[in-house]
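Here's the structure we're looking at; comments come further down.
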Amino acid sequence: MGELNGLKADLAQIVRLALAEQTEDVRLFAARLVRKYRGTEPELAEQMDLFLRAKPRRAGAPLRKATSSPLSDQMLPVDDESRLSLLKVFKDNSDREAPLLSTDLEETLGQLIQERKQVARLASLGLTPTRSAIFVGQPGVGKTLTARWLAAQLGVSLYVLDLTTVMSSLLGRSGSNLRAALDFAKRGPCVLLLDEIDAIAKRRSDDSDVGELKRLVTVILQEVDEWPATGLLLAATNHPELIDPALWRRFDLVVEFKVPRPEAVKEAIKRFLGPDFALFSRWIEILTFAFRDQSFSDIEREIHRFRRAVALGTTPDADLIEEFIKARALSLDRQGRIEMAVLLAKQTHLSQHSISDITGVSRDTIRKYTTGGSTVIPKKRRREA
């Protein structure tokens with residue numbers, strides 16, 4: 001009954017402020033309610049919080065002292081110079097599609113999720129869940145998508161801090177930018193991703209860096225050490241060789257995102273083709289070969305280009321694939337081109353003349369590996385299999 005009376009009193013107060021057109025007071029009171037009901041009515045608190053974020057405070061509204069404004073706890077930190085937000089925010093549902101990952105990665109991340117869901121059990125054994133992890137891999141292999149999926153599985157927001165944006169043109173402000181973003185993320189359960197961490201966390205022995213950058217590395221080291229177990233701190237890098245060795249020792253977990261294996265490439269192609277899979281299904285094996293050593297983002301970009309062309313009726317699917325394979329063949333070594341030619345002879349009805357034109361492999365060589373109507377994997381490749 002007491003809780004119901006409290007809700008009635010809060011409702012009456014916010015209606016009174018709204019009818020008096022005291023907009024900023026409504027915002028402040030709503031922010032106070034978000035904090036008040038976060039523990040007992042989380043869905044209500046989240047809905048009010050979303051309303052506050054969707055309706056920013058008017059630029060010309062009168063300012064209040066920070067000590068009397070609970071709203072300051074809800075506002076994203078900004079760069080004092082540009083006034084741009086330092087953090088990107090993602091709030092995904094738990095049914096968000098899982099990223100394409102290797103079996104090893106799935107097991108690693110699965111344990112990380114289970115640790116967070118069984119905090120009490122770990123605590124009974126004197127343990128805490130993994131507090132930090134660094135994602136390593138070339139661009140496009142799914143580091144950020146995985147961070148979003150992790151946050152969704154844990155039921156919290158993902159905040160992404162691109163460390164290239166932290167660097168102010170007035171270098172002395174970079175430290176305050178970094179501190180502001182980190183302090184904000186530590187206020188409650190969330191996943192914070194420090195993207196492009198190599199932008200500032202370079203080896204402190206690098207004489208090309210000025211003192212400010214070296215101080216930022218020290219800040220990062222301290223934060224990783226002291227990050228609260230209520231949150232999960234992630235970092236991502238495309239250039240692990242640039243990072244200060246001391247940073248590696250601070251992270252609880254190093255997660256390596258490797259170039260997708262053929263089976264993952266094939267699964268990605270099927271996923272990105274979506275409803276157009278039937279149209280392109282006869283080319284799956286060839287596309288899987290052509291996309292080897294490519295990132296998921298590269299694969300997605302090309303597949304969507306195919307789908308747009310087919311949707312608009314500008315180019316037949318066969319012509320699209322042939323043009324793509326011809327372009328890809330230019331980046332292959334001789335052995336790779338031969339293997340592609342053999343695969344085309346096996347998987348398509350293209351003539352040897354057409355295959356030679358597409359791959360640059362002579363018809364004599366194609367005949368050599370397709371003697372008697374059967375195809376033979378080149379000897380070097382067969383040994384590697």
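In the structure tokens, chains take letters A, B, ... by order of appearance, with residues numbered from 1 within each chain and ligands from 1 in the order shown.
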* To do: as number ranges by chain, list the residues of range 196-263 of chain A assigned to strand (DSSP E) by DSSP on the backbone atoms of this structure.
  => A: 232-237, 253-256
* Asked: Taking the backbone alone, and naming residues the way the document does, which bits of range 248-326 of chain A are alpha helix (DSSP H) by DSSP, as a PyMOL selection string?
  -> chain A and resi 248-250+262-273+277-280+284-290+296-312+317-326
If we count only C-alpha atoms, what is near Ile220 in chain A at a cut-off of 12 Å, once residues fewer than 2 positions away on the same chain are taken out, given as a PDB file with C-alpha atoms, in the first residue's frame?
ATOM      1  CA  SER A 132      37.757  -6.826 -18.802  1.00  0.00           C
ATOM      2  CA  LEU A 163      39.392   6.769 -28.708  1.00  0.00           C
ATOM      3  CA  GLY A 175      42.674  13.406 -20.433  1.00  0.00           C
ATOM      4  CA  LEU A 178      38.732  10.181 -21.265  1.00  0.00           C
ATOM      5  CA  ARG A 179      38.062  10.526 -17.540  1.00  0.00           C
ATOM      6  CA  ALA A 181      33.612   8.963 -20.386  1.00  0.00           C
ATOM      7  CA  LEU A 182      35.063   6.348 -18.039  1.00  0.00           C
ATOM      8  CA  LEU A 194      37.106   1.300 -25.939  1.00  0.00           C
ATOM      9  CA  ILE A 197      42.507   1.555 -28.212  1.00  0.00           C
ATOM     10  CA  ASP A 198      45.814   1.609 -30.077  1.00  0.00           C
ATOM     11  CA  ALA A 199      45.070   5.280 -30.872  1.00  0.00           C
ATOM     12  CA  ILE A 200      46.301   6.210 -27.406  1.00  0.00           C
ATOM     13  CA  ALA A 201      47.497   3.049 -25.622  1.00  0.00           C
ATOM     14  CA  LYS A 202      50.798   2.925 -27.467  1.00  0.00           C
ATOM     15  CA  LEU A 213      49.618  10.632 -24.773  1.00  0.00           C
ATOM     16  CA  LYS A 214      51.835   8.765 -22.338  1.00  0.00           C
ATOM     17  CA  ARG A 215      49.723  10.068 -19.467  1.00  0.00           C
ATOM     18  CA  LEU A 216      46.596   8.758 -21.211  1.00  0.00           C
ATOM     19  CA  VAL A 217      48.149   5.296 -21.335  1.00  0.00           C
ATOM     20  CA  THR A 218      48.663   5.501 -17.573  1.00  0.00           C
ATOM     21  CA  GLN A 222      44.700   2.357 -13.873  1.00  0.00           C
ATOM     22  CA  GLU A 223      41.110   2.055 -15.084  1.00  0.00           C
ATOM     23  CA  VAL A 224      41.530  -1.523 -16.284  1.00  0.00           C
ATOM     24  CA  ASP A 225      42.991  -2.457 -12.892  1.00  0.00           C
ATOM     25  CA  GLU A 226      40.185  -0.782 -10.951  1.00  0.00           C
ATOM     26  CA  TRP A 227      37.175  -1.453 -13.184  1.00  0.00           C
ATOM     27  CA  LEU A 233      35.175  -3.211 -19.903  1.00  0.00           C
ATOM     28  CA  LEU A 234      36.059  -4.176 -23.477  1.00  0.00           C
ATOM     29  CA  ALA A 235      38.750  -2.827 -25.754  1.00  0.00           C
ATOM     30  CA  ILE A 243      49.910  -1.458 -27.707  1.00  0.00           C
ATOM     31  CA  ASP A 244      51.936  -0.987 -24.545  1.00  0.00           C
ATOM     32  CA  ALA A 246      51.746  -3.473 -19.740  1.00  0.00           C
ATOM     33  CA  LEU A 247      48.179  -3.155 -21.035  1.00  0.00           C
ATOM     34  CA  TRP A 248      48.020  -6.783 -22.129  1.00  0.00           C
ATOM     35  CA  ARG A 250      45.912  -5.779 -17.197  1.00  0.00           C
ATOM     36  CA  PHE A 251      43.099  -7.362 -19.210  1.00  0.00           C
TER      37      PHE A 251
END
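The two atoms in question, CA of Trp283 in chain A and CA of Leu312 in chain A, are spaced 20.0 Å apart.
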* Asked: Contacts of Ile299 in chain A at 8 Å or less, counting only C-alpha atoms, minus same-chain residues fewer than 5 places along, as a ChimeraX atom specification?
  -> /A:268-269,291,294
Go ahead and save the residues from that selection, with C-alpha atoms, as a compact mmCIF listing (two decimals), in the first residue's frame.
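This is the output file selection28.txt:
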# COMPACT_ATOMS: atom_id res chain seq x y z
CA ALA A 268 27.85 -15.59 -43.80
CA ILE A 269 27.03 -15.65 -47.51
CA PHE A 291 35.61 -14.59 -50.44
CA GLN A 294 37.85 -11.55 -46.55
